[in-house]
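Next comes query_38.txt, with compact mmCIF, C-alpha atoms.
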# COMPACT_ATOMS: atom_id res chain seq x y z
CA MET A 1 30.72 -3.77 11.58
CA THR A 2 28.52 -6.79 11.19
CA SER A 3 27.25 -8.36 14.35
CA PRO A 4 26.85 -12.11 14.27
CA LEU A 5 23.72 -12.98 12.35
CA SER A 6 21.34 -15.13 14.27
CA ASP A 7 17.82 -16.32 13.67
CA THR A 8 16.47 -14.29 16.53
CA ALA A 9 17.54 -10.87 15.25
CA THR A 10 14.59 -8.51 15.51
CA PHE A 11 15.66 -6.45 12.56
CA GLU A 12 18.02 -7.72 9.97
CA ALA A 13 19.37 -6.18 6.78
CA LYS A 14 20.95 -8.50 4.25
CA ASP A 15 23.15 -7.45 1.35
CA LEU A 16 21.60 -4.02 0.91
CA GLU A 17 22.54 -2.04 -2.12
CA CYS A 18 21.52 1.51 -2.89
CA ILE A 19 22.22 3.33 -6.13
CA ARG A 20 21.46 6.98 -6.55
CA ASP A 21 21.99 8.86 -9.83
CA ASP A 22 24.20 6.03 -11.13
CA ARG A 23 26.38 6.21 -8.05
CA VAL A 24 26.62 3.19 -5.77
CA LEU A 25 26.12 4.59 -2.27
CA PHE A 26 26.61 1.28 -0.57
CA SER A 27 26.41 -2.37 -1.46
CA ARG A 28 26.44 -5.69 0.34
CA LEU A 29 25.60 -3.93 3.59
CA CYS A 30 24.55 -6.29 6.38
CA PHE A 31 23.62 -5.54 9.95
CA THR A 32 21.18 -6.49 12.67
CA VAL A 33 19.42 -4.43 15.29
CA ASN A 34 18.11 -6.07 18.45
CA PRO A 35 16.14 -4.72 21.40
CA GLY A 36 18.19 -2.29 23.42
CA GLU A 37 20.51 -1.55 20.52
CA ALA A 38 20.93 1.59 18.50
CA LEU A 39 22.35 1.66 15.01
CA VAL A 40 24.30 4.87 14.51
CA LEU A 41 25.04 5.79 10.91
CA GLU A 42 28.03 7.94 10.23
CA GLY A 43 29.58 9.26 7.09
CA ARG A 44 30.11 12.45 5.17
CA ASN A 45 27.32 14.35 3.46
CA GLY A 46 25.89 12.47 0.53
CA SER A 47 27.17 9.11 1.69
CA GLY A 48 23.66 7.68 1.81
CA LYS A 49 22.64 7.97 5.45
CA THR A 50 19.21 9.37 4.74
CA SER A 51 18.70 6.96 1.84
CA LEU A 52 19.51 4.04 4.11
CA LEU A 53 17.11 5.25 6.80
CA ARG A 54 14.36 5.68 4.22
CA ILE A 55 15.03 2.14 3.05
CA LEU A 56 14.84 0.89 6.63
CA CYS A 57 11.41 2.37 7.15
CA GLY A 58 10.15 1.06 3.84
CA ILE A 59 9.59 4.34 1.99
CA ARG A 60 12.38 3.64 -0.45
CA LEU A 61 13.18 0.34 -2.10
CA PRO A 62 16.76 -0.89 -2.04
CA GLU A 63 18.25 -1.84 -5.41
CA SER A 64 18.88 -5.26 -4.00
CA GLY A 65 18.94 -6.99 -0.65
CA GLN A 66 16.47 -7.95 2.00
CA LEU A 67 15.06 -6.35 5.11
CA LEU A 68 13.63 -8.68 7.71
CA TRP A 69 11.54 -7.91 10.77
CA LYS A 70 11.53 -10.98 12.99
CA GLY A 71 12.47 -12.99 9.95
CA GLU A 72 9.78 -11.65 7.65
CA ASP A 73 10.24 -9.31 4.71
CA ILE A 74 9.16 -5.77 5.70
CA PHE A 75 7.68 -5.00 2.30
CA ARG A 76 5.48 -8.04 2.59
CA LEU A 77 4.46 -7.11 6.13
CA GLY A 78 3.53 -3.54 5.13
CA PRO A 79 1.33 -1.91 7.80
CA GLU A 80 2.11 -4.76 10.19
CA TYR A 81 5.76 -3.67 10.11
CA HIS A 82 4.90 0.02 10.28
CA GLU A 83 3.06 -0.33 13.55
CA HIS A 84 6.44 -1.19 15.09
CA THR A 85 8.29 1.74 13.56
CA ALA A 86 8.32 5.48 13.99
CA TYR A 87 10.15 7.69 11.56
CA LEU A 88 11.48 11.15 12.18
CA GLY A 89 12.81 12.57 8.95
CA HIS A 90 14.22 15.87 7.78
CA LYS A 91 10.72 17.20 7.62
CA ASP A 92 8.93 17.31 10.94
CA GLY A 93 5.68 15.85 9.63
CA SER A 94 3.52 18.28 11.61
CA LYS A 95 0.76 20.38 10.16
CA GLN A 96 1.46 24.09 10.54
CA ASP A 97 -2.22 24.95 10.82
CA LEU A 98 -2.94 22.48 13.61
CA THR A 99 -2.05 22.85 17.26
CA PRO A 100 0.56 20.50 18.80
CA LEU A 101 -2.22 18.61 20.52
CA GLU A 102 -4.13 18.05 17.29
CA ASN A 103 -0.93 17.02 15.52
CA LEU A 104 -0.18 14.44 18.18
CA ARG A 105 -3.72 13.10 18.12
CA VAL A 106 -3.43 12.39 14.41
CA ALA A 107 0.03 10.86 14.87
CA ARG A 108 -1.25 8.56 17.58
CA GLY A 109 -4.23 7.53 15.47
CA PHE A 110 -1.93 6.47 12.63
CA GLY A 111 0.20 4.24 14.76
CA LYS A 112 -0.34 1.86 17.58
CA ALA A 113 -1.40 4.04 20.50
CA LYS A 114 0.74 3.76 23.60
CA GLU A 115 -1.06 3.24 26.85
CA GLY A 116 -0.20 5.06 30.04
CA ILE A 117 0.75 8.35 28.44
CA THR A 118 -1.59 11.16 27.54
CA LEU A 119 -0.88 13.59 24.74
CA GLU A 120 -0.35 16.39 27.27
CA GLU A 121 2.19 14.29 29.15
CA ALA A 122 4.08 13.62 25.93
CA LEU A 123 4.21 17.36 25.22
CA ASP A 124 5.37 17.96 28.77
CA GLN A 125 8.16 15.41 28.35
CA VAL A 126 9.62 17.26 25.39
CA GLY A 127 9.34 20.60 27.14
CA LEU A 128 6.30 21.94 25.33
CA TYR A 129 4.10 22.28 28.38
CA GLY A 130 1.86 25.30 27.88
CA PHE A 131 2.07 25.16 24.09
CA GLU A 132 -0.84 22.72 23.61
CA ASP A 133 -3.06 25.20 21.84
CA VAL A 134 -0.57 27.43 20.06
CA PRO A 135 -0.71 26.97 16.28
CA THR A 136 2.37 25.01 15.25
CA ARG A 137 3.35 27.70 12.75
CA ASN A 138 3.91 30.15 15.62
CA MET A 139 6.46 27.92 17.31
CA SER A 140 10.21 28.14 16.73
CA ALA A 141 12.09 25.56 14.65
CA GLY A 142 13.46 23.95 17.79
CA GLN A 143 10.02 23.72 19.35
CA GLN A 144 8.64 22.17 16.17
CA ARG A 145 11.43 19.60 16.33
CA ARG A 146 10.44 18.85 19.92
CA LEU A 147 6.87 18.32 18.76
CA ALA A 148 8.13 15.86 16.16
CA ILE A 149 9.97 13.98 18.90
CA ALA A 150 6.82 13.95 21.04
CA ARG A 151 5.24 12.02 18.18
CA LEU A 152 7.61 9.15 18.92
CA LEU A 153 6.42 9.00 22.50
CA VAL A 154 2.69 8.63 21.86
CA THR A 155 2.89 5.49 19.77
CA ASP A 156 3.97 2.07 20.85
CA ALA A 157 6.57 1.83 18.10
CA LYS A 158 9.56 -0.22 19.07
CA PHE A 159 11.93 0.71 16.27
CA TRP A 160 12.68 4.43 16.06
CA ILE A 161 14.22 5.58 12.81
CA LEU A 162 15.69 9.03 13.36
CA ASP A 163 17.27 11.25 10.75
CA GLU A 164 19.25 14.01 12.45
CA PRO A 165 16.86 14.17 15.40
CA PHE A 166 18.81 16.93 17.14
CA THR A 167 18.54 19.50 14.34
CA SER A 168 17.73 22.99 15.69
CA LEU A 169 17.55 21.82 19.31
CA ASP A 170 19.42 23.82 21.94
CA ARG A 171 22.16 22.18 24.01
CA LYS A 172 19.86 21.45 26.92
CA GLY A 173 17.25 20.09 24.55
CA ILE A 174 19.78 17.72 23.00
CA GLU A 175 20.76 16.36 26.41
CA HIS A 176 17.13 15.99 27.33
CA MET A 177 16.28 14.14 24.12
CA GLU A 178 19.26 11.86 24.62
CA ARG A 179 17.78 10.84 27.98
CA LEU A 180 14.46 10.10 26.22
CA PHE A 181 16.15 7.98 23.57
CA GLU A 182 18.15 6.21 26.25
CA ALA A 183 15.01 5.42 28.22
CA HIS A 184 13.44 4.03 25.05
CA LEU A 185 16.42 1.77 24.41
CA GLN A 186 16.62 0.60 27.98
CA SER A 187 12.98 -0.40 27.95
CA GLY A 188 13.71 -2.77 25.08
CA GLY A 189 13.31 -0.34 22.21
CA MET A 190 15.49 -0.14 19.14
CA ALA A 191 16.74 2.77 17.09
CA ALA A 192 18.53 3.59 13.89
CA MET A 193 19.81 7.12 13.64
CA THR A 194 22.13 9.54 11.96
CA THR A 195 23.59 12.47 13.77
CA HIS A 196 26.58 14.77 13.54
CA HIS A 197 26.37 15.29 17.23
CA ARG A 198 28.49 13.14 19.54
CA ILE A 199 25.98 11.02 21.38
CA GLY A 200 26.29 11.02 25.14
CA PHE A 201 24.51 7.78 25.93
CA LYS A 202 25.52 5.89 29.02
CA GLU A 203 27.28 2.57 28.57
CA ALA A 204 24.18 0.53 29.25
CA VAL A 205 23.12 1.17 25.68
CA LYS A 206 24.73 -0.79 22.89
CA LEU A 207 25.63 1.29 19.87
CA VAL A 208 26.29 -0.35 16.51
CA ARG A 209 28.24 2.13 14.41
CA ILE A 210 28.38 1.96 10.63
CA ASN A 211 30.40 4.48 8.70
CA LEU A 212 29.01 4.68 5.20
CA SER A 213 32.01 6.60 3.85
CA GLU A 214 34.39 3.82 4.77
CA LEU A 215 32.61 0.89 3.21
CA MET B 1 -1.33 -1.10 23.16
CA SER B 2 -4.18 -0.66 20.79
CA THR B 3 -4.34 0.23 17.17
CA LEU B 4 -7.18 2.50 16.25
CA SER B 5 -9.83 0.71 14.24
CA LEU B 6 -9.74 1.42 10.55
CA THR B 7 -13.01 3.34 10.65
CA SER B 8 -11.82 5.67 13.38
CA ALA B 9 -8.53 6.25 11.58
CA PHE B 10 -10.56 7.08 8.47
CA ILE B 11 -12.72 9.54 10.42
CA LEU B 12 -9.67 11.03 12.16
CA LEU B 13 -8.01 11.82 8.86
CA LEU B 14 -11.22 13.10 7.30
CA LYS B 15 -11.75 15.40 10.27
CA ARG B 16 -8.16 16.57 10.14
CA ASP B 17 -8.47 17.56 6.49
CA LEU B 18 -11.76 19.36 7.05
CA VAL B 19 -10.32 21.29 10.02
CA LEU B 20 -7.29 22.22 7.92
CA ALA B 21 -9.54 23.39 5.10
CA TYR B 22 -11.63 25.41 7.53
CA ARG B 23 -8.50 27.12 8.87
CA ARG B 24 -7.67 28.13 5.30
CA ARG B 25 -11.08 29.38 4.30
CA ALA B 26 -9.71 31.82 1.73
CA GLU B 27 -8.41 28.93 -0.37
CA LEU B 28 -11.63 27.05 0.22
CA VAL B 29 -13.76 29.45 -1.83
CA ASN B 30 -11.37 29.45 -4.78
CA PRO B 31 -12.87 26.59 -6.81
CA LEU B 32 -16.42 27.69 -6.07
CA LEU B 33 -15.66 31.26 -7.10
CA PHE B 34 -14.05 30.02 -10.30
CA PHE B 35 -17.08 27.86 -11.03
CA VAL B 36 -19.58 30.68 -10.48
CA LEU B 37 -17.56 33.27 -12.38
CA VAL B 38 -16.95 31.13 -15.45
CA THR B 39 -20.63 30.17 -15.65
CA ALA B 40 -21.72 33.76 -15.14
CA MET B 41 -19.43 35.00 -17.91
CA PHE B 42 -20.90 32.76 -20.59
CA PRO B 43 -24.26 34.52 -21.11
CA LEU B 44 -22.37 37.81 -21.30
CA GLY B 45 -20.15 36.41 -23.98
CA ILE B 46 -22.63 34.62 -26.22
CA GLY B 47 -25.50 37.09 -26.06
CA ASN B 48 -29.00 36.96 -24.66
CA ASP B 49 -30.70 34.44 -26.92
CA PRO B 50 -32.55 32.20 -24.38
CA LYS B 51 -32.61 29.22 -26.78
CA LEU B 52 -28.87 29.38 -27.37
CA ILE B 53 -28.10 29.74 -23.67
CA GLN B 54 -30.32 26.79 -22.87
CA ALA B 55 -28.55 24.70 -25.49
CA VAL B 56 -25.08 25.37 -24.07
CA GLY B 57 -26.17 25.59 -20.40
CA PRO B 58 -25.54 22.01 -19.22
CA GLY B 59 -22.25 21.88 -21.09
CA VAL B 60 -21.07 25.15 -19.59
CA ILE B 61 -21.93 24.07 -16.07
CA TRP B 62 -20.16 20.76 -16.47
CA VAL B 63 -17.06 22.16 -18.16
CA ALA B 64 -16.78 24.79 -15.43
CA ALA B 65 -17.20 22.13 -12.72
CA LEU B 66 -14.57 19.98 -14.38
CA LEU B 67 -12.04 22.80 -14.62
CA ALA B 68 -12.76 23.88 -11.05
CA ALA B 69 -12.07 20.34 -9.91
CA LEU B 70 -8.86 20.23 -11.96
CA LEU B 71 -7.69 23.53 -10.45
CA SER B 72 -8.18 22.30 -6.92
CA LEU B 73 -6.64 18.87 -7.46
CA ASP B 74 -3.08 19.86 -6.73
CA THR B 75 -3.96 20.83 -3.16
CA MET B 76 -4.95 17.24 -2.38
CA PHE B 77 -1.46 15.97 -1.49
CA ARG B 78 0.77 19.02 -2.03
CA SER B 79 0.93 20.43 1.48
CA ASP B 80 1.13 16.96 3.02
CA PHE B 81 4.04 16.20 0.74
CA ASP B 82 5.81 19.45 1.57
CA ASP B 83 5.60 19.19 5.35
CA GLY B 84 6.34 15.49 5.57
CA THR B 85 2.96 14.30 6.81
CA LEU B 86 2.56 12.25 3.63
CA GLU B 87 5.60 10.19 4.64
CA GLN B 88 3.92 9.61 7.97
CA PHE B 89 0.76 8.30 6.23
CA MET B 90 2.81 5.88 4.23
CA LEU B 91 4.30 4.56 7.45
CA SER B 92 1.04 4.28 9.31
CA ALA B 93 -0.27 1.06 10.75
CA HIS B 94 -3.29 1.21 8.43
CA PRO B 95 -3.66 0.30 4.76
CA ILE B 96 -2.71 3.37 2.73
CA SER B 97 -5.56 2.97 0.26
CA VAL B 98 -8.15 3.49 3.00
CA LEU B 99 -6.40 6.63 4.25
CA VAL B 100 -6.21 7.84 0.67
CA LEU B 101 -9.94 7.36 0.35
CA ALA B 102 -10.46 9.59 3.41
CA LYS B 103 -8.37 12.30 1.79
CA ILE B 104 -10.32 11.98 -1.47
CA LEU B 105 -13.61 12.21 0.38
CA ALA B 106 -12.39 15.31 2.23
CA HIS B 107 -11.29 16.83 -1.07
CA TRP B 108 -14.69 16.17 -2.60
CA MET B 109 -16.50 17.65 0.41
CA ILE B 110 -14.34 20.76 0.15
CA THR B 111 -14.47 21.27 -3.62
CA GLY B 112 -17.21 19.12 -5.14
CA LEU B 113 -19.98 19.64 -2.63
CA PRO B 114 -20.05 23.48 -2.86
CA LEU B 115 -20.32 23.19 -6.66
CA PHE B 116 -23.18 20.77 -6.27
CA ILE B 117 -24.99 23.22 -3.97
CA ALA B 118 -24.41 26.22 -6.23
CA ALA B 119 -25.33 24.39 -9.43
CA PRO B 120 -29.18 24.73 -9.36
CA LEU B 121 -28.90 28.49 -9.11
CA LEU B 122 -26.50 28.69 -12.02
CA ALA B 123 -28.67 26.28 -13.99
CA MET B 124 -31.63 28.64 -13.63
CA MET B 125 -29.47 31.52 -14.70
CA LEU B 126 -28.57 29.56 -17.84
CA ASN B 127 -32.24 28.91 -18.57
CA VAL B 128 -32.06 25.17 -17.94
CA PRO B 129 -35.71 24.04 -17.53
CA THR B 130 -36.73 23.29 -13.95
CA ASP B 131 -37.63 19.71 -14.93
CA ALA B 132 -34.07 19.02 -15.99
CA ILE B 133 -32.45 20.40 -12.84
CA PRO B 134 -32.87 17.18 -10.79
CA THR B 135 -31.07 15.31 -13.57
CA LEU B 136 -28.28 17.89 -13.52
CA MET B 137 -27.95 17.48 -9.76
CA LEU B 138 -27.92 13.71 -10.10
CA THR B 139 -25.14 13.86 -12.70
CA LEU B 140 -23.16 16.19 -10.45
CA VAL B 141 -23.53 14.05 -7.36
CA LEU B 142 -22.40 10.98 -9.30
CA GLY B 143 -19.86 12.74 -11.50
CA THR B 144 -17.91 15.10 -9.24
CA PRO B 145 -16.70 12.31 -6.92
CA VAL B 146 -15.39 10.54 -10.02
CA LEU B 147 -13.41 13.69 -10.84
CA SER B 148 -11.83 13.69 -7.37
CA LEU B 149 -11.14 9.95 -7.49
CA ILE B 150 -9.53 9.92 -10.93
CA GLY B 151 -7.73 13.16 -10.14
CA SER B 152 -6.16 11.68 -7.02
CA VAL B 153 -4.24 9.14 -9.11
CA GLY B 154 -2.83 11.91 -11.30
CA VAL B 155 -1.92 14.07 -8.30
CA ALA B 156 -0.25 11.16 -6.56
CA LEU B 157 1.89 10.52 -9.63
CA THR B 158 2.94 14.15 -10.03
CA VAL B 159 3.26 15.28 -6.41
CA GLY B 160 6.99 14.60 -6.34
CA LEU B 161 7.66 16.75 -9.42
CA ARG B 162 8.62 20.40 -9.13
CA ARG B 163 6.22 21.52 -11.83
CA GLY B 164 3.66 18.82 -12.20
CA GLY B 165 0.79 21.13 -13.18
CA VAL B 166 0.91 20.66 -16.94
CA ILE B 167 1.51 16.93 -16.76
CA LEU B 168 -1.33 16.61 -14.28
CA SER B 169 -3.79 18.26 -16.69
CA LEU B 170 -2.58 16.10 -19.57
CA LEU B 171 -2.86 12.97 -17.48
CA VAL B 172 -6.23 13.62 -15.96
CA LEU B 173 -8.28 15.54 -18.55
CA PRO B 174 -8.60 12.67 -21.07
CA LEU B 175 -9.95 10.50 -18.26
CA TYR B 176 -12.49 13.20 -17.38
CA VAL B 177 -13.92 13.24 -20.91
CA PRO B 178 -16.28 10.24 -20.54
CA VAL B 179 -17.80 11.77 -17.40
CA LEU B 180 -18.33 15.05 -19.25
CA ILE B 181 -19.92 13.39 -22.26
CA PHE B 182 -22.38 11.23 -20.35
CA ALA B 183 -23.28 13.91 -17.79
CA THR B 184 -24.01 16.70 -20.27
CA ASP B 185 -25.81 14.34 -22.58
CA ALA B 186 -27.99 13.19 -19.69
CA VAL B 187 -29.07 16.76 -18.94
CA LYS B 188 -29.69 17.55 -22.61
CA THR B 189 -31.72 14.37 -23.00
CA SER B 190 -33.85 15.22 -19.99
CA ILE B 191 -34.48 18.72 -21.38
CA VAL B 192 -35.99 17.07 -24.43
CA GLY B 193 -38.02 14.83 -22.12
CA ILE B 194 -36.48 11.42 -22.83
CA PRO B 195 -35.68 9.12 -19.83
CA THR B 196 -32.04 9.31 -18.81
CA SER B 197 -31.66 6.13 -16.79
CA ALA B 198 -29.05 4.74 -19.21
CA HIS B 199 -26.78 7.78 -18.76
CA ILE B 200 -27.25 7.74 -15.02
CA SER B 201 -26.45 4.04 -14.82
CA ILE B 202 -23.21 4.53 -16.73
CA LEU B 203 -22.23 7.45 -14.48
CA ALA B 204 -23.00 5.33 -11.43
CA ALA B 205 -20.90 2.53 -12.88
CA MET B 206 -18.02 4.97 -13.37
CA LEU B 207 -18.36 6.08 -9.77
CA ILE B 208 -18.32 2.54 -8.42
CA GLY B 209 -15.45 1.54 -10.67
CA SER B 210 -13.29 4.48 -9.68
CA LEU B 211 -14.27 4.14 -6.03
CA VAL B 212 -12.86 0.62 -6.03
CA LEU B 213 -9.80 1.14 -8.22
CA ALA B 214 -8.65 4.74 -7.69
CA PRO B 215 -7.60 4.45 -4.01
CA LEU B 216 -5.46 1.41 -4.83
CA ALA B 217 -3.86 3.14 -7.80
CA THR B 218 -3.33 6.32 -5.77
CA ALA B 219 -1.69 4.43 -2.91
CA ALA B 220 0.68 2.73 -5.37
CA SER B 221 1.43 6.03 -7.10
CA LEU B 222 2.19 7.76 -3.81
CA ARG B 223 4.61 5.00 -2.97
CA ILE B 224 6.40 5.61 -6.28
CA SER B 225 6.39 9.38 -5.79
CA LEU B 226 7.93 9.17 -2.34
CA SER B 227 10.64 6.62 -3.03

Structure encoded using structure tokens:
Amino acid sequence: MTSPLSDTATFEAKDLECIRDDRVLFSRLCFTVNPGEALVLEGRNGSGKTSLLRILCGIRLPESGQLLWKGEDIFRLGPEYHEHTAYLGHKDGSKQDLTPLENLRVARGFGKAKEGITLEEALDQVGLYGFEDVPTRNMSAGQQRRLAIARLLVTDAKFWILDEPFTSLDRKGIEHMERLFEAHLQSGGMAAMTTHHRIGFKEAVKLVRINLSEL
Amino acid sequence: MSTLSLTSAFILLLKRDLVLAYRRRAELVNPLLFFVLVTAMFPLGIGNDPKLIQAVGPGVIWVAALLAALLSLDTMFRSDFDDGTLEQFMLSAHPISVLVLAKILAHWMITGLPLFIAAPLLAMMLNVPTDAIPTLMLTLVLGTPVLSLIGSVGVALTVGLRRGGVILSLLVLPLYVPVLIFATDAVKTSIVGIPTSAHISILAAMLIGSLVLAPLATAASLRISLS
């Protein structure tokens, strides 16, 4: 499960331990993620997948262990690390009272804006063309999920941290989003994700699988 | 490949919060309505003795403003916490304390500013002499931002709790007391005709102190609440 540790690893986790309600979810967990690679977390419900993802993006502190971005501690880097990451959690992180366009504008302002893509194009890419000015609350759960995914496209974040990104998407939507993720990985991006869906990436993408229930 | 400058990120967030408040106008009037109603009830309750009303006037206005601020505090981070946008702030490429300051400023513009505008009218109704009204306004413009700033720390600490309301009041009210004491005393002193520069200076010092420290404390508290 552990790929050979090298000095050049873009993202490296060392000896992570996470304890929740006096239960050790995982300990001494080590892995690296490099450009073009996706870390896929597996495991039964409650095995700590979401906790691990929240640790990776720096919202949650691990009980022990180190997280390094290009060799530097992510908690020391703070915003400098966050400009390289985009997080898609259980909650979509969109404002119900704003339109998709307004939501994306705020999302882009918080991160490092990506050049060469307009907000409308990002909406088009996730299949929300024509919904620019509809209040987000009037959209279906699947459409709101698509909006959350569009948020990933408008920033220049390299490391996508995705918690069940395919929730409430239809079958076509899932395939479409897989193509988007694949394109991100092939252009040198990185990802860490959990999903109960069997991922249909092509072989060009390297998947690092960790099963948290079997540690 | 460009990160928005800190100022434009600040303005973006401020604008976002004001637009959101505007789209929920019904909730917007709540604190103001509370403020006006409480102040209007007092003369009905304590009778029509002009001297008595004048004596309690500044206190009533300030207590009502303080409670109105307390009532509206919970909205500062609640909806952002519920829909996950707060997580996104924490992961933004900008220092959290600056973003927090934008949210506090938006909160003050939504809740504190209307009180400030309505206050002279209510002061006249409570028989506060016209000469003392500028002092009242000055205490409000210095004091209400302090309420929002101190309140933000309390809200940030309790936002992760299911029922944080009671704890929030217990946390925040004791810290509001100094503002209340100096502000009401300033107005009372100016009614008597004594200069109030000492009171005003202390209120200004409180504002500067909380302006510097509260965003940092709030950012740290939010980090604790989310982890």

Arg145 of chain A surroundings by only C-alpha atoms, 10 Å radius, close-in-sequence under 5 positions cut, as a PDB file with C-alpha atoms, in the coordinates of the input:
ATOM      1  CA  LEU A  88      11.480  11.150  12.180  1.00  0.00           C
ATOM      2  CA  HIS A  90      14.220  15.870   7.780  1.00  0.00           C
ATOM      3  CA  LYS A  91      10.720  17.200   7.620  1.00  0.00           C
ATOM      4  CA  ASP A  92       8.930  17.310  10.940  1.00  0.00           C
ATOM      5  CA  GLY A  93       5.680  15.850   9.630  1.00  0.00           C
ATOM      6  CA  SER A  94       3.520  18.280  11.610  1.00  0.00           C
ATOM      7  CA  VAL A 126       9.620  17.260  25.390  1.00  0.00           C
ATOM      8  CA  MET A 139       6.460  27.920  17.310  1.00  0.00           C
ATOM      9  CA  SER A 140      10.210  28.140  16.730  1.00  0.00           C
ATOM     10  CA  ALA A 150       6.820  13.950  21.040  1.00  0.00           C
ATOM     11  CA  ARG A 151       5.240  12.020  18.180  1.00  0.00           C
ATOM     12  CA  PRO A 165      16.860  14.170  15.400  1.00  0.00           C
ATOM     13  CA  PHE A 166      18.810  16.930  17.140  1.00  0.00           C
ATOM     14  CA  THR A 167      18.540  19.500  14.340  1.00  0.00           C
ATOM     15  CA  SER A 168      17.730  22.990  15.690  1.00  0.00           C
ATOM     16  CA  LEU A 169      17.550  21.820  19.310  1.00  0.00           C
TER      17      LEU A 169
END

d(atom CA of Arg179 of chain A, atom CA of Phe201 of chain A) in Å: 7.7 Å

Neighbour residues at most 6 Å from (-21.8, 19.2, -17.0) (only C-alpha atoms) as an NGL selection string: :B and (58-59 or 61-63 or 180 or 183-184)

Chain B contacts to chain A at 8 Å (only C-alpha atoms) as a PyMOL selection string: chain B and resi 1-4+9+12-13+16+20+23+80+83-95+223+226-227

Counting all atoms listed in the file, the residue of B:Gly154, B:Pro134, B:Gly57, B:Gly160 that sits nearest Ile200 of chain B: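 Ranking B:Gly154, B:Pro134, B:Gly57, B:Gly160 by distance to Ile200 of chain B, first place goes to B:Pro134.
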
Atomic separation - atom CA of Phe159 of chain A relative to atom CA of Val40 of chain A, Å: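 Atom CA of Val40 of chain A sits 13.2 Å away from atom CA of Phe159 of chain A.
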
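Excluding Cys18 of chain A itself and same-chain residues fewer than 5 positions from it, the residues having an atom within 7 Å of it are Val24, Leu25, Phe26, Ser27, Pro62 and Glu63 of chain A, counting only C-alpha atoms.
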
Atom-to-atom span, atom CA of Thr99 of chain A and atom CA of Leu147 of chain A, Å: 10.1 Å

Can you report as JSON the centre and edge lengths in Å, to one decimal, of an axis-aligned box around the listed atoms of segment 176-191 of chain A padded with 3 Å on each side?
{"center_x": 16.1, "center_y": 6.6, "center_z": 22.7, "size_x": 12.3, "size_y": 24.8, "size_z": 17.1}

Selection: 10 Å around Glu121 of chain A, all atoms listed in the file, excl. self and same-chain fewer than 6 positions, as JSON, numbers by chain: {"A": [127, 128, 129, 150, 153, 154]}

Using only C-alpha atoms: which of A:His197, A:Arg76, A:Lys49, A:His184 has the shortest distance to Gly36 of chain A: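 That would be A:His184, the residue with the smallest distance to Gly36 of chain A.
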
Residue among A:Leu52, A:Leu67, A:Arg44, A:Gly173 lying closest to Lys14 of chain A, counting only C-alpha atoms: A:Leu67

Using all atoms listed in the file: which of B:Ala217, B:Val187, B:Val212, B:Ala40 has the shortest distance to Leu121 of chain B: B:Ala40

Do a neighbour search on Leu16 of chain A at 7 Å with all atoms listed in the file, toss out local chain neighbours closer than 6 positions, and write the hits as a PDB file with C-alpha atoms, in the frame of the given file.
ATOM      1  CA  SER A  27      26.410  -2.370  -1.460  1.00  0.00           C
ATOM      2  CA  ARG A  28      26.440  -5.690   0.340  1.00  0.00           C
ATOM      3  CA  LEU A  29      25.600  -3.930   3.590  1.00  0.00           C
ATOM      4  CA  CYS A  30      24.550  -6.290   6.380  1.00  0.00           C
ATOM      5  CA  PRO A  62      16.760  -0.890  -2.040  1.00  0.00           C
ATOM      6  CA  SER A  64      18.880  -5.260  -4.000  1.00  0.00           C
ATOM      7  CA  GLY A  65      18.940  -6.990  -0.650  1.00  0.00           C
ATOM      8  CA  GLN A  66      16.470  -7.950   2.000  1.00  0.00           C
TER       9      GLN A  66
END

Give me the residues within 7 Å of Gly151 of chain B as a PDB file with C-alpha atoms, in the coordinates of the input, counting all atoms listed in the file and dropping any in the same chain fewer than 3 places off.
ATOM      1  CA  LEU B  73      -6.640  18.870  -7.460  1.00  0.00           C
ATOM      2  CA  LEU B 147     -13.410  13.690 -10.840  1.00  0.00           C
ATOM      3  CA  SER B 148     -11.830  13.690  -7.370  1.00  0.00           C
ATOM      4  CA  GLY B 154      -2.830  11.910 -11.300  1.00  0.00           C
ATOM      5  CA  VAL B 155      -1.920  14.070  -8.300  1.00  0.00           C
ATOM      6  CA  VAL B 172      -6.230  13.620 -15.960  1.00  0.00           C
TER       7      VAL B 172
END

Among listed residues A:Leu123, A:Leu185, A:Ala148, A:Met177, nearest Leu207 of chain A (using all atoms listed in the file): A:Leu185

Residue nearest Gly143 of chain B among B:Leu101, B:Pro195, B:Ser210, B:Val166 (counting all atoms listed in the file): B:Ser210
